[in-house]
4 protein chains.
Amino acid sequence: MASDNAAGVHPAILEAVARANSFHALGYGHDQHTPLAKKLFNQLFDAEVTTEFVFGGTGANVLALACMLKPAQAVVCTSTAHIAVDEAGAPERFLGAKLIDVPTVDGKLRPSDIRGVAHLRGSIHHAEPAVVSITQATEMGTIYTAEEVRAICETAHELDMLVHMDGARIVNAAVALGASAKALRSFTIDAGIDVLSFGGVKAGLMFGEAVVFFNTSLASRVEYIRKQVGQLNSKMRFVSAQYVEFLQNDLLFKLAANANSMALALYEKTRHHQSLGLATPPVVNSLFPTIESSVATALRDWTFFWDWDIANNQYRWMTAWDTTLEDVDLFAEGVSQALKI
Amino acid sequence: MASDNAAGVHPAILEAVARANSFHALGYGHDQHTPLAKKLFNQLFDAEVTTEFVFGGTGANVLALACMLKPAQAVVCTSTAHIAVDEAGAPERFLGAKLIDVPTVDGKLRPSDIRGVAHLRGSIHHAEPAVVSITQATEMGTIYTAEEVRAICETAHELDMLVHMDGARIVNAAVALGASAKALRSFTIDAGIDVLSFGGVKAGLMFGEAVVFFNTSLASRVEYIRKQVGQLNSKMRFVSAQYVEFLQNDLLFKLAANANSMALALYEKTRHHQSLGLATPPVVNSLFPTIESSVATALRDWTFFWDWDIANNQYRWMTAWDTTLEDVDLFAEGVSQALKI
Amino acid sequence: MASDNAAGVHPAILEAVARANSFHALGYGHDQHTPLAKKLFNQLFDAEVTTEFVFGGTGANVLALACMLKPAQAVVCTSTAHIAVDEAGAPERFLGAKLIDVPTVDGKLRPSDIRGVAHLRGSIHHAEPAVVSITQATEMGTIYTAEEVRAICETAHELDMLVHMDGARIVNAAVALGASAKALRSFTIDAGIDVLSFGGVKAGLMFGEAVVFFNTSLASRVEYIRKQVGQLNSKMRFVSAQYVEFLQNDLLFKLAANANSMALALYEKTRHHQSLGLATPPVVNSLFPTIESSVATALRDWTFFWDWDIANNQYRWMTAWDTTLEDVDLFAEGVSQALKI
Amino acid sequence: MASDNAAGVHPAILEAVARANSFHALGYGHDQHTPLAKKLFNQLFDAEVTTEFVFGGTGANVLALACMLKPAQAVVCTSTAHIAVDEAGAPERFLGAKLIDVPTVDGKLRPSDIRGVAHLRGSIHHAEPAVVSITQATEMGTIYTAEEVRAICETAHELDMLVHMDGARIVNAAVALGASAKALRSFTIDAGIDVLSFGGVKAGLMFGEAVVFFNTSLASRVEYIRKQVGQLNSKMRFVSAQYVEFLQNDLLFKLAANANSMALALYEKTRHHQSLGLATPPVVNSLFPTIESSVATALRDWTFFWDWDIANNQYRWMTAWDTTLEDVDLFAEGVSQALKI
């Protein structure tokens, strides 16, 4: 229950990688798989989008934002956003740009938050808020509805700002909102998102994320910048082959569906421990229980999971594409044992 | 009442500049005035400090922080800090570093704010808080006592962090706390500050600020970095000559004392307008009245001053080294007229 | 003969500064002088240009280039360019961009040098050469004719590149090419330059340079970026007042004319020392004599001048707006004495 | 013959990846394979080195240099160095540092090249040359002997500079110099290299490079910076498992030995075409023939290879770990056909 990063690679993905190895292919995307993977992204979003592959999630976010920002501009995000707290300052170092991070109750930015910083635009003394970045599903295990994303995009665009979505766990959100390409489109391209970091690693891939430009005019220099940010994969086929597999036969939704449903199962099996404070069922694949510190330590010695808000004794349990009901039962049993002590 | 930036240059300073022009002098500080000005800083702080001159305040802050930060580190400051909101993202662009800005009630950082971000240290996923930057006097017209600065420095140093002071209005603070070199030392070098941006322009100079390293080991590359940040003045004598004049005969304290006392006079003459909400006398040279928006517009058409917190109809009135009692009377009369309408 | 930076400020400029101090004025350019100085730049170039003032020359260059570059692009310049060797890496640090520096025989870039790097365009593996930066007069005391600048601009524009001119000593070049606004225009705006760093300090100002956009579409974010690079002068009137004086009554040309003619006088008085290798008369205000090292040391102990190419015993003698014939005679006499030993 | 990047993954490596997938493992290197891979690097270099894994070669170089540079310092390299011309300006953008690139005849830096820029140290006007970066094998297919590397390191260290080696093809060089760990050590750790980018992808891995610190004091912030440069792999075991396989049973040397010997075979089979100008046998795995442009086009339509120096009709043929004698024969036959036309 440590993280969906701790899960391995789905067997079909691994086989796709092995198959991609059966012949020579030119580097840097001039292979068979990369154009095919891009075509599958077009189908997924039912539009001619521009898709580029990178190594990792921080690279995806930095590349997306680098394509969206002009000098002396700033990014508006939540104070719990991965770009704000979990990328070791990569955005500031690479972009040379300020992140304006807004506190929220649930990890979700509101249109009012955007309006609240709009007065910083148009004054030469301030870094100009120009890009809004939201995470779907959020770092706090919540999701934006399609309507909520649309409201954010409308507010941002009205103010002449662009919208980026960090989709490190976008497939989990898509499953929660309908488990279909249509559902996925509803809160991305259809809602007005300009650029999307599309994550596959947490959902069952080995490595490699995608940056998808719905607003393709922003992609004019993306390939140069990708190389410049150290995200150009020389043997790119080994990433694109994974996406070719992932995007076919609804594999992406199947994997995320398992992660989400196992989180729900874990909730059902642990919610009776009132001290955990698990008031509402998870919408994606994480639970944020409150555990008394010595209990947490004991439980963690047995199987690792992450701190969340240590000041409030809050932790994070996270399920993955390969979590089984047996895993859930075993973990729930462990929790019961730990809480008894 | 717009800003202490709107005041001109004190006549003695202007004369010092003119005198410095009476002969050739080598550039880049290899002149007569620069070593003398540095010596006067040593006397002011009663220590062998390292002082370097720059063009402006943003340059001073960026240079100071560039000498204090290692890669992947962050600066902790208040959410109203000049570096956070009024330098157009210069710190992020030049330093490539994150600013962690903490909300405060009065523009003053507390030791608890530092402890509150200390958990971000030691994890490779987070930009590491490594420098605390406080402003004296603060952007909200408040000041730190010597004890408060010392508590901040002790907390920071205990956590292996350094402390920078943005002293754009440090002389105003020094006057409020005793109007002497001893008072100035009490909340800077004696309190444990590592590096100080020492401001003279708002106090009556023409241009040019100083960066003073109390922790001189941090200054090993300061001259290289100064050139790199575009802050090396080729005809440096015209800055250092100003400081030679400014630091002698208590001129710095006299100028700031006038600014502070004129703010107090303005407070006395306007506090009876209850709608202004001027509950407490100013400690330095600014007042933050609340004015109904149409009244503010009318008053501003007559004489300019800055917005402060537009959401709350709050504005800033600021006095300067050259503000006179007549100016105060005239302005107070204008306020009375505007409020009558 | 150390540098035109070692000269002071012309008396008329100093008086203009003093006059600008006679009243309050809003900061950041919202004063009387700044719009007037901008208008005079329009007149000088006989066009509606966009002019912004900065503190220093490195700041001017960095600001100009920041307005011209997109991500993952590069600047082409000579290997002796000030931006390449004398700005402590400021362009790389601030711009995050590569400088491609081309060796030359005389400090002058040729169209063939631009064509020589054109193959680096259009490949995602290379930083894309996108801006050409030339210096007028060059760091080696040579100048580009109007035709030469035009050929460079045509070549660059044909390749979809922009052209920046570092004009730290542009007035000296203008004097050499005609000493008139018309001459100045011939090798700048008329020749196709996009953005010009216009230098005044070496010609007799106290501090403050200008960035002039002939291609005004590049100036859309210049004011934000100026603040971000630490080049926004709060009491801007003290710079713009200097330019108001400098640009009127041909003062700029008169000052540079003196510097140039004194260099010629020095050449005439020292050229008979064959060991100096002064084969051709200077076109602007510098000579590059070859001096045996022990002689140079002796001469330098007497009066300072800079190394140029130490491997070849080459030094730089430089005259200024205030150099007199007496200075030249005295210096020439010193040279004769030193060479006798 | 396009590139060693066009080869796939060695079967044993692919199997190691598959095996690493058979169980859960914590992310970010807290797995079984990463400590083991680090231990194998210690054995390879017979020392307690610090090894960290990254995604790609540009990331490895940028991370290494970021750990070695202080502000306002510069890197000295050849003008053909990968960091100088083939990383799209990544070093400048991420490091904010100047690269001083020195022309060479054969892609190899000499001690005299380092001494030639040493005068730039110690002056605040210049970015200070502080790190020397050499590539082994070089981008021009040449190699440094152990003595040559030692001479470079001694010169650099004497001048208080550090030395980085870009080892994208280090195993090919090691094979050319003895094909043993001892040979590898002789021109790296034993010769005085401070930090090494150790490349595996061109030698037969799927993705993932290593940065090896022989000077471990430089590694104090490497893990933070790795995350900041977007090079922290969440499912790191899939890289480290590859290295565990690669470093055992001399697999690394066997793979590179094949690439090198196939280049030699190709040389033997094509050297009789005098127009190709293949005067000397290759030392590693690349040939740089001269081909008339129309012939090259025809040959390239048949099978792709890269331009090298288009002005001189020079191209690059490169063999890989999986090139066979049949491939060589077929290609040599194609060359003969093309040259006949």
# chains A, B, ... in the order shown; residues from 1 in each chain; ligands from 1
$ interface_residues --of "chain C" --to "chain B" --cutoff "8 Å" --atoms "only C-alpha atoms" --output "number ranges by chain"
C: 2-3, 5-9, 14, 18, 21-27, 55-59, 87-90, 93-94, 206-207, 224-225, 227-235, 238
$ residues_around --residues "stretch 75-77 of chain A" --least-positions-apart "3" --cutoff "10 Å" --atoms "only C-alpha atoms" --output "JSON, numbers by chain"
{"A": [65, 68, 69, 80, 81, 82, 83, 84, 91, 97, 98, 99, 100, 101, 102, 103, 104, 107, 108, 109, 113, 114, 117, 127, 128, 129, 130, 131, 132, 133, 134, 135, 161, 162, 163, 164]}
$ write_last_selection --atoms "N, CA and C atoms" --output "tab-separated table (two decimals), in the first residue's frame"
chain	number	residue	atom	x	y	z
A	65	LEU	N	4.97	23.03	-19.16
A	65	LEU	CA	4.95	24.42	-18.70
A	65	LEU	C	5.93	25.28	-19.49
A	68	MET	N	4.37	26.68	-22.39
A	68	MET	CA	3.22	27.54	-22.15
A	68	MET	C	3.57	28.92	-21.60
A	69	LEU	N	4.75	29.06	-21.04
A	69	LEU	CA	5.11	30.29	-20.34
A	69	LEU	C	5.94	31.23	-21.20
A	80	THR	N	-0.75	22.08	-2.53
A	80	THR	CA	-0.43	20.65	-2.42
A	80	THR	C	-0.03	20.06	-3.77
A	81	ALA	N	0.05	20.88	-4.78
A	81	ALA	CA	0.37	20.39	-6.12
A	81	ALA	C	1.74	19.72	-6.16
A	82	HIS	N	1.83	18.65	-6.92
A	82	HIS	CA	3.10	17.94	-7.08
A	82	HIS	C	4.18	18.91	-7.57
A	83	ILE	N	3.85	19.75	-8.54
A	83	ILE	CA	4.85	20.70	-9.05
A	83	ILE	C	5.31	21.65	-7.96
A	84	ALA	N	4.44	21.93	-7.00
A	84	ALA	CA	4.80	22.89	-5.95
A	84	ALA	C	5.63	22.26	-4.84
A	91	PRO	N	10.45	23.00	-11.35
A	91	PRO	CA	9.84	24.05	-12.18
A	91	PRO	C	10.57	25.39	-12.05
A	97	ALA	N	10.61	30.38	-13.36
A	97	ALA	CA	9.31	31.03	-13.17
A	97	ALA	C	8.77	30.78	-11.78
A	98	LYS	N	7.97	31.71	-11.32
A	98	LYS	CA	7.35	31.59	-10.00
A	98	LYS	C	6.14	30.68	-10.07
A	99	LEU	N	5.96	29.87	-9.03
A	99	LEU	CA	4.71	29.16	-8.81
A	99	LEU	C	3.95	29.91	-7.73
A	100	ILE	N	2.72	30.29	-8.03
A	100	ILE	CA	1.87	30.93	-7.02
A	100	ILE	C	0.97	29.83	-6.48
A	101	ASP	N	1.25	29.39	-5.28
A	101	ASP	CA	0.49	28.24	-4.78
A	101	ASP	C	-0.57	28.68	-3.78
A	102	VAL	N	-1.78	28.24	-4.05
A	102	VAL	CA	-2.96	28.69	-3.33
A	102	VAL	C	-3.42	27.57	-2.39
A	103	PRO	N	-3.64	27.87	-1.13
A	103	PRO	CA	-4.13	26.83	-0.22
A	103	PRO	C	-5.56	26.42	-0.59
A	104	THR	N	-5.86	25.14	-0.39
A	104	THR	CA	-7.21	24.63	-0.68
A	104	THR	C	-7.60	23.68	0.43
A	107	GLY	N	-7.38	19.99	-2.12
A	107	GLY	CA	-6.47	19.79	-3.24
A	107	GLY	C	-7.02	20.26	-4.57
A	108	LYS	N	-8.19	20.87	-4.55
A	108	LYS	CA	-8.82	21.31	-5.79
A	108	LYS	C	-8.85	22.83	-5.90
A	109	LEU	N	-8.37	23.32	-7.01
A	109	LEU	CA	-8.38	24.76	-7.28
A	109	LEU	C	-9.79	25.16	-7.72
A	113	ASP	N	-10.13	31.05	-6.98
A	113	ASP	CA	-8.69	31.13	-6.69
A	113	ASP	C	-7.95	31.82	-7.84
A	114	ILE	N	-8.40	31.56	-9.03
A	114	ILE	CA	-7.77	32.20	-10.19
A	114	ILE	C	-8.10	33.69	-10.19
A	117	VAL	N	-5.99	35.91	-7.89
A	117	VAL	CA	-4.63	36.35	-8.22
A	117	VAL	C	-4.60	37.17	-9.51
A	127	ALA	N	5.42	38.99	-11.10
A	127	ALA	CA	5.42	37.90	-12.06
A	127	ALA	C	3.95	37.68	-12.44
A	128	GLU	N	3.69	37.61	-13.72
A	128	GLU	CA	2.31	37.62	-14.21
A	128	GLU	C	1.71	36.21	-14.23
A	129	PRO	N	0.66	35.97	-13.47
A	129	PRO	CA	0.01	34.66	-13.52
A	129	PRO	C	-0.51	34.43	-14.94
A	130	ALA	N	-0.04	33.38	-15.58
A	130	ALA	CA	-0.37	33.18	-16.99
A	130	ALA	C	-0.77	31.75	-17.29
A	131	VAL	N	-0.43	30.84	-16.42
A	131	VAL	CA	-0.79	29.44	-16.62
A	131	VAL	C	-1.40	28.92	-15.31
A	132	VAL	N	-2.52	28.24	-15.43
A	132	VAL	CA	-3.11	27.54	-14.29
A	132	VAL	C	-2.76	26.07	-14.44
A	133	SER	N	-2.26	25.45	-13.38
A	133	SER	CA	-1.97	24.02	-13.43
A	133	SER	C	-2.79	23.30	-12.38
A	134	ILE	N	-3.60	22.36	-12.81
A	134	ILE	CA	-4.38	21.55	-11.88
A	134	ILE	C	-4.00	20.08	-12.03
A	135	THR	N	-4.19	19.32	-10.98
A	135	THR	CA	-3.82	17.90	-10.99
A	135	THR	C	-5.10	17.06	-10.95
A	161	MET	N	-5.34	33.45	-19.70
A	161	MET	CA	-4.41	32.49	-19.13
A	161	MET	C	-4.65	31.11	-19.76
A	162	LEU	N	-3.67	30.26	-19.69
A	162	LEU	CA	-3.75	28.91	-20.23
A	162	LEU	C	-3.92	27.91	-19.09
A	163	VAL	N	-4.34	26.68	-19.43
A	163	VAL	CA	-4.54	25.68	-18.39
A	163	VAL	C	-3.79	24.38	-18.71
A	164	HIS	N	-2.99	23.98	-17.73
A	164	HIS	CA	-2.25	22.72	-17.79
A	164	HIS	C	-2.87	21.74	-16.81
$ select_by_dssp --residues "stretch 46-238 of chain A" --states "strand (DSSP E)" --output "PyMOL selection string"
chain A and resi 50-54+73-78+98-102+128-135+162-167+195-198+209-213
$ atom_distance --atom1 "atom CA of D:Asp301" --atom2 "atom CA of D:Glu268"
23.5 Å
$ select_by_dssp --residues "stretch 28-143 of chain B" --states "helix (DSSP H, G or I)" --output "number ranges by chain"
B: 33-45, 57-68, 82-85, 90-95, 111-120
$ atom_distance --atom1 "atom CA of D:Glu154" --atom2 "atom CA of D:Glu209"
26.9 Å
$ atom_distance --atom1 "atom CA of D:Phe246" --atom2 "atom CA of D:Ile13"
7.0 Å
$ closest_residue --among "C:His119, C:Lys39, C:His33, C:Arg169" --to "D:Asp307" --atoms "only C-alpha atoms"
C:His119
$ residues_around --residues "A:Val295" --least-positions-apart "4" --cutoff "10 Å" --atoms "only C-alpha atoms" --output "VMD selection string"
chain A and resid 291 299 to 301 335 337 to 341
$ residues_around --residues "C:Leu36" --least-positions-apart "2" --cutoff "12 Å" --atoms "only C-alpha atoms" --output "MDAnalysis selection string"
chainID C and resid 29:34 38:43 51 237 239:245 247:248
